[in-house]
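Data block for target.pdb (PDB, C-alpha atoms):
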```
ATOM      1  CA  PRO J   1     -80.626  40.866 -16.231
ATOM      2  CA  ALA J   2     -78.032  43.222 -14.709
ATOM      3  CA  ALA J   3     -78.976  42.114 -11.183
ATOM      4  CA  SER J   4     -78.613  38.426 -12.029
ATOM      5  CA  ALA J   5     -75.221  39.026 -13.662
ATOM      6  CA  SER J   6     -73.919  40.800 -10.564
ATOM      7  CA  GLY J   7     -75.357  38.060  -8.334
ATOM      8  CA  THR J   8     -73.385  35.363 -10.096
ATOM      9  CA  ALA J   9     -70.235  37.498 -10.086
ATOM     10  CA  SER J  10     -70.325  37.886  -6.278
ATOM     11  CA  SER J  11     -70.224  34.101  -5.661
ATOM     12  CA  PRO J  12     -67.345  32.743  -7.741
ATOM     13  CA  VAL J  13     -66.940  29.014  -8.132
ATOM     14  CA  ILE J  14     -63.404  27.793  -7.420
ATOM     15  CA  PRO J  15     -62.438  24.672  -9.334
ATOM     16  CA  PRO J  16     -61.513  21.591  -7.221
ATOM     17  CA  GLU J  17     -58.044  21.499  -8.839
ATOM     18  CA  VAL J  18     -57.260  24.953  -7.427
ATOM     19  CA  ARG J  19     -58.433  23.885  -3.947
ATOM     20  CA  THR J  20     -56.225  20.774  -4.153
ATOM     21  CA  LEU J  21     -53.240  22.859  -5.211
ATOM     22  CA  GLU J  22     -53.888  25.286  -2.359
ATOM     23  CA  ARG J  23     -53.977  22.428   0.209
ATOM     24  CA  ASN J  24     -50.747  20.958  -1.205
ATOM     25  CA  ILE J  25     -48.950  24.315  -0.941
ATOM     26  CA  GLU J  26     -50.131  24.803   2.646
ATOM     27  CA  ARG J  27     -49.005  21.271   3.583
ATOM     28  CA  GLU J  28     -45.549  21.827   2.053
ATOM     29  CA  THR J  29     -45.024  25.155   3.828
ATOM     30  CA  ARG J  30     -45.863  23.531   7.181
ATOM     31  CA  ARG J  31     -42.924  21.168   6.614
ATOM     32  CA  PHE J  32     -40.408  23.977   7.231
ATOM     33  CA  ARG J  33     -40.337  25.666  10.631
ATOM     34  CA  GLY J  34     -37.760  27.847  12.329
ATOM     35  CA  GLY J  35     -37.379  28.678  15.967
ATOM     36  CA  GLY J  36     -35.290  29.618  18.918
ATOM     37  CA  LEU J  37     -34.242  27.919  22.119
ATOM     38  CA  SER J  38     -32.687  28.736  25.459
ATOM     39  CA  GLY J  39     -31.795  26.769  28.519
ATOM     40  CA  ARG J  40     -29.407  25.730  31.213
ATOM     41  CA  ALA J  41     -26.752  23.026  31.103
ATOM     42  CA  ARG J  42     -24.938  21.149  33.867
ATOM     43  CA  ASP J  43     -21.388  19.813  34.046
ATOM     44  CA  PRO J  44     -20.040  22.306  33.025
ATOM     45  CA  GLU J  45     -22.635  24.842  34.095
ATOM     46  CA  VAL J  46     -23.554  27.178  31.260
ATOM     47  CA  TRP J  47     -26.515  29.185  29.960
ATOM     48  CA  LEU J  48     -27.375  28.530  26.345
ATOM     49  CA  ILE J  49     -29.256  30.146  23.493
ATOM     50  CA  GLY J  50     -29.703  28.934  19.951
ATOM     51  CA  VAL J  51     -31.634  28.766  16.727
ATOM     52  CA  GLN J  52     -33.077  25.756  14.985
ATOM     53  CA  SER J  53     -35.196  24.615  12.119
ATOM     54  CA  GLN J  54     -37.561  21.691  11.884
ATOM     55  CA  ILE J  55     -38.056  20.030   8.533
ATOM     56  CA  GLY J  56     -40.387  17.165   7.848
ATOM     57  CA  PRO J  57     -41.985  14.789   8.206
ATOM     58  CA  PHE J  58     -39.712  12.396   6.309
ATOM     59  CA  PHE J  59     -40.227   8.684   5.553
ATOM     60  CA  ASN J  60     -42.928   8.567   8.234
ATOM     61  CA  LYS J  61     -45.465  11.124   9.458
ATOM     62  CA  ASN J  62     -43.649  11.291  12.836
ATOM     63  CA  VAL J  63     -39.974  11.712  11.778
ATOM     64  CA  TYR J  64     -38.451  15.207  11.554
ATOM     65  CA  PHE J  65     -34.977  16.562  10.840
ATOM     66  CA  ARG J  66     -34.091  19.282  13.335
ATOM     67  CA  PRO J  67     -30.680  20.928  12.910
ATOM     68  CA  ASN J  68     -29.755  23.521  15.512
ATOM     69  CA  VAL J  69     -26.913  25.759  16.598
ATOM     70  CA  GLU J  70     -26.235  26.471  20.274
ATOM     71  CA  PHE J  71     -24.042  29.072  21.882
ATOM     72  CA  ALA J  72     -23.403  28.649  25.608
ATOM     73  CA  TRP J  73     -21.418  30.583  28.140
ATOM     74  CA  GLY J  74     -20.600  30.223  31.806
ATOM     75  CA  GLU J  75     -18.078  31.292  34.381
ATOM     76  CA  VAL J  76     -15.381  29.004  32.996
ATOM     77  CA  THR J  77     -16.737  27.655  29.700
ATOM     78  CA  ALA J  78     -17.738  29.035  26.314
ATOM     79  CA  LEU J  79     -19.339  26.585  23.854
ATOM     80  CA  PHE J  80     -20.465  26.587  20.225
ATOM     81  CA  ALA J  81     -22.345  23.455  19.091
ATOM     82  CA  LEU J  82     -23.759  22.248  15.768
ATOM     83  CA  ASN J  83     -26.414  19.560  16.212
ATOM     84  CA  PRO J  84     -28.019  17.844  13.202
ATOM     85  CA  GLU J  85     -30.674  15.825  15.049
ATOM     86  CA  VAL J  86     -33.573  13.593  14.072
ATOM     87  CA  ILE J  87     -36.776  13.705  16.119
ATOM     88  CA  TYR J  88     -39.435  10.989  16.353
ATOM     89  CA  ARG J  89     -42.831  12.145  17.577
ATOM     90  CA  LEU J  90     -44.438   9.327  19.535
ATOM     91  CA  PRO J  91     -47.776   8.286  18.015
ATOM     92  CA  LEU J  92     -49.311   7.848  21.484
ATOM     93  CA  ALA J  93     -51.461  10.916  21.059
ATOM     94  CA  SER J  94     -53.754  11.792  18.199
ATOM     95  CA  ARG J  95     -52.514  14.164  15.481
ATOM     96  CA  ASN J  96     -54.612  16.961  16.999
ATOM     97  CA  ALA J  97     -53.560  16.482  20.637
ATOM     98  CA  ARG J  98     -52.331  19.557  22.489
ATOM     99  CA  TRP J  99     -49.109  17.967  23.740
ATOM    100  CA  ALA J 100     -46.996  15.431  21.866
ATOM    101  CA  PRO J 101     -44.032  13.578  23.409
ATOM    102  CA  TYR J 102     -40.955  12.924  21.288
ATOM    103  CA  PHE J 103     -37.440  11.597  21.459
ATOM    104  CA  GLY J 104     -34.451  12.162  19.247
ATOM    105  CA  VAL J 105     -30.847  11.412  18.489
ATOM    106  CA  GLY J 106     -28.046  12.988  16.518
ATOM    107  CA  PRO J 107     -24.386  13.896  16.524
ATOM    108  CA  GLY J 108     -23.179  16.954  18.382
ATOM    109  CA  PHE J 109     -20.181  18.835  17.010
ATOM    110  CA  ASN J 110     -18.910  20.844  19.970
ATOM    111  CA  PHE J 111     -16.262  23.557  20.063
ATOM    112  CA  LEU J 112     -15.465  24.819  23.541
ATOM    113  CA  HIS J 113     -13.009  26.902  25.470
ATOM    114  CA  GLN J 114     -12.393  26.633  29.209
ATOM    115  CA  ASN J 115     -10.326  29.230  31.001
ATOM    116  CA  PHE J 116      -9.772  29.529  34.748
ATOM    117  CA  GLU J 117      -7.713  32.726  34.513
ATOM    118  CA  GLN J 118      -8.965  36.284  34.967
ATOM    119  CA  ASN J 119      -9.441  38.414  31.885
ATOM    120  CA  GLY J 120      -6.760  40.923  31.041
ATOM    121  CA  VAL J 121      -7.158  44.628  30.411
ATOM    122  CA  SER J 122      -8.888  44.003  27.093
ATOM    123  CA  GLY J 123     -11.968  42.579  28.839
ATOM    124  CA  LYS J 124     -12.290  39.869  26.191
ATOM    125  CA  ARG J 125     -14.245  37.039  27.762
ATOM    126  CA  ILE J 126     -14.907  34.687  24.884
ATOM    127  CA  ASP J 127     -12.169  33.597  22.557
ATOM    128  CA  PHE J 128     -11.693  30.400  20.653
ATOM    129  CA  GLY J 129      -7.924  30.791  20.286
ATOM    130  CA  GLU J 130      -7.289  27.663  22.358
ATOM    131  CA  PHE J 131     -10.364  25.533  22.036
ATOM    132  CA  HIS J 132     -11.196  21.867  22.235
ATOM    133  CA  SER J 133     -13.429  20.175  19.750
ATOM    134  CA  ASP J 134     -15.211  16.893  20.104
ATOM    135  CA  VAL J 135     -18.060  14.913  18.645
ATOM    136  CA  GLY J 136     -20.669  13.371  20.898
ATOM    137  CA  LEU J 137     -24.023  11.687  20.592
ATOM    138  CA  ASN J 138     -27.042  13.762  21.620
ATOM    139  CA  LEU J 139     -29.980  11.908  23.184
ATOM    140  CA  ILE J 140     -33.195  13.920  23.498
ATOM    141  CA  GLY J 141     -36.534  13.493  25.202
ATOM    142  CA  GLY J 142     -39.199  16.154  25.212
ATOM    143  CA  ILE J 143     -42.729  17.313  24.789
ATOM    144  CA  GLN J 144     -44.073  19.798  22.226
ATOM    145  CA  TYR J 145     -47.222  21.874  22.371
ATOM    146  CA  ARG J 146     -49.364  22.085  19.255
ATOM    147  CA  SER J 147     -48.549  25.794  18.755
ATOM    148  CA  GLY J 148     -44.790  25.110  18.582
ATOM    149  CA  MET J 149     -43.580  25.584  22.159
ATOM    150  CA  PHE J 150     -41.427  22.729  23.444
ATOM    151  CA  MET J 151     -39.470  21.605  26.491
ATOM    152  CA  GLU J 152     -36.802  18.937  26.392
ATOM    153  CA  LEU J 153     -33.958  17.269  28.219
ATOM    154  CA  LYS J 154     -30.863  16.680  26.142
ATOM    155  CA  THR J 155     -27.746  14.785  27.116
ATOM    156  CA  THR J 156     -24.508  14.389  25.217
ATOM    157  CA  VAL J 157     -22.703  11.081  25.623
ATOM    158  CA  TYR J 158     -19.238  10.065  24.434
ATOM    159  CA  SER J 159     -18.112  13.670  24.723
ATOM    160  CA  ASP J 160     -15.874  15.327  27.269
ATOM    161  CA  PRO J 161     -15.976  18.108  28.570
ATOM    162  CA  SER J 162     -19.172  19.099  26.731
ATOM    163  CA  PRO J 163     -22.327  19.611  28.831
ATOM    164  CA  THR J 164     -23.776  16.305  29.911
ATOM    165  CA  LEU J 165     -27.331  17.451  30.660
ATOM    166  CA  ARG J 166     -29.353  20.366  29.267
ATOM    167  CA  LEU J 167     -32.858  21.595  30.033
ATOM    168  CA  VAL J 168     -34.066  23.453  26.956
ATOM    169  CA  LEU J 169     -37.176  25.564  26.327
ATOM    170  CA  GLY J 170     -37.990  26.751  22.828
ATOM    171  CA  TYR J 171     -40.507  27.751  20.248
ATOM    172  CA  ASN J 172     -40.940  26.798  16.586
ATOM    173  CA  PHE J 173     -42.733  29.311  14.368
TER     174      PHE J 173
END
```
Let me see whether you can do it: turn the structure in this file into structure tokens.
Amino acid sequence: PAASASGTASSPVIPPEVRTLERNIERETRRFRGGGLSGRARDPEVWLIGVQSQIGPFFNKNVYFRPNVEFAWGEVTALFALNPEVIYRLPLASRNARWAPYFGVGPGFNFLHQNFEQNGVSGKRIDFGEFHSDVGLNLIGGIQYRSGMFMELKTTVYSDPSPTLRLVLGYNF
């Protein structure tokens, strides 16, 4: 009798309701991802780094909200950008495909400073004392690997002198 009692104790039966709850929690936690990005922009030429989050899907299994913050610097330009973007993952590939193409759109709130003068004795390179701000429209096309790595081209239209073309590499955790 003691052996049979220990045998049943070693193989517990988990109720289906608990398994369903566990799957729902896992699905909800996959909706929120954070990540980083880096890249190169042209016109003006700057290097950029940033952080982002990806939340979704919303309304459709392929629509995600992806806000990000970019900081870019170059020889003449320093830029800070806030980009609340929406991404649409193209349903061309299956849900389990390794690579998934996407495109996106969203406003870009850009704050930048351009200075052609040499720095003074202080050595301060980046200051936003005299900056320009503008709002543009970001258009995005990219491809994302199943693990979270992505590569994209982003352009900002209706905005001057913000970068017009960016090649971005990143990773979502």
* Polymer residues at most 8 Å from segment 64-75 of chain J, all atoms listed in the file, same-chain spacing of 4 or more positions, as number ranges by chain -> J: 45-58, 79-88
* To do: Could you check how far atom CA of Asp43 of chain J sits from atom CA of Ile143 of chain J, in Å to one decimal?
  => 23.4 Å
* Asked: Any idea what the distance is between atom CA of Asn60 of chain J and atom CA of Phe173 of chain J?
  -> 21.6 Å
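The result of the PyMOL selection byres ((chain J and resi 111) around 9) on the shown file is Ala78, Leu79, Phe80, Ala81, Leu82, Phe109, Asn110, Leu112, His113, Phe128, Phe131, His132, Ser133, Asp134, Val135 and Ser162 of chain J.
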* To do: Rank nothing, just name the residue among J:Tyr171, J:Tyr158, J:Trp99, J:Phe59 nearest to Gly136 of chain J, using all atoms listed in the file.
  =>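 Comparing J:Tyr171, J:Tyr158, J:Trp99, J:Phe59 against Gly136 of chain J, the winner is J:Tyr158.
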All file atoms of segment 64-77 of chain J boxed axis-aligned, 6 Å per side, centre plus edges, as AutoDock Vina command-line options:
```
--center_x -26.9 --center_y 23.2 --center_z 22.6 --size_x 35.1 --size_y 28.1 --size_z 35.5
```
* Among the residues J:Arg89, J:Arg27, J:Arg33, J:Arg40, the one that comes closest to Val168 of chain J [using all atoms listed in the file] ->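 That would be J:Arg40, the residue with the smallest distance to Val168 of chain J.
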* **Residue with smallest distance to Gly170 of chain J - pool J:Thr20, J:Asn115, J:Thr156, J:Ser38, counting all atoms listed in the file** =>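 Result for the nearest residue to Gly170 of chain J: J:Ser38.
Across the model, the gap from atom CA of Gly148 of chain J to atom CA of Arg30 of chain J is 11.6 Å.
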* With the file shown as input, list the residues that the PyMOL selection byres ((chain J and resi 100) around 12) selects, as number ranges by chain. => J: 62, 87-99, 101-103, 141-152
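Nearest to Pro161 of chain J of all the residues J:Gly34, J:Pro44, J:Pro15, J:Gly39 is J:Pro44, counting all atoms listed in the file.
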* Rank J:Thr29, J:Ile140, J:Gly36, J:Val13 by their smallest atom-to-atom distance to Leu169 of chain J, using only C-alpha atoms, and report the top residue only. =>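 The shortest atom-to-atom distance to Leu169 of chain J comes from J:Gly36.
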List the spatial neighbours of Leu165 of chain J as a PDB file with C-alpha atoms, keeping the file's coordinate frame - criterion: any atom at most 8 Å away, all atoms listed in the file, same-chain residues fewer than 4 positions off excluded.
```pdb
ATOM      1  CA  ALA J  41     -26.752  23.026  31.103  1.00  0.00           C
ATOM      2  CA  ARG J  42     -24.938  21.149  33.867  1.00  0.00           C
ATOM      3  CA  ASP J  43     -21.388  19.813  34.046  1.00  0.00           C
ATOM      4  CA  LEU J 153     -33.958  17.269  28.219  1.00  0.00           C
ATOM      5  CA  LYS J 154     -30.863  16.680  26.142  1.00  0.00           C
ATOM      6  CA  THR J 155     -27.746  14.785  27.116  1.00  0.00           C
ATOM      7  CA  THR J 156     -24.508  14.389  25.217  1.00  0.00           C
TER       8      THR J 156
END
```
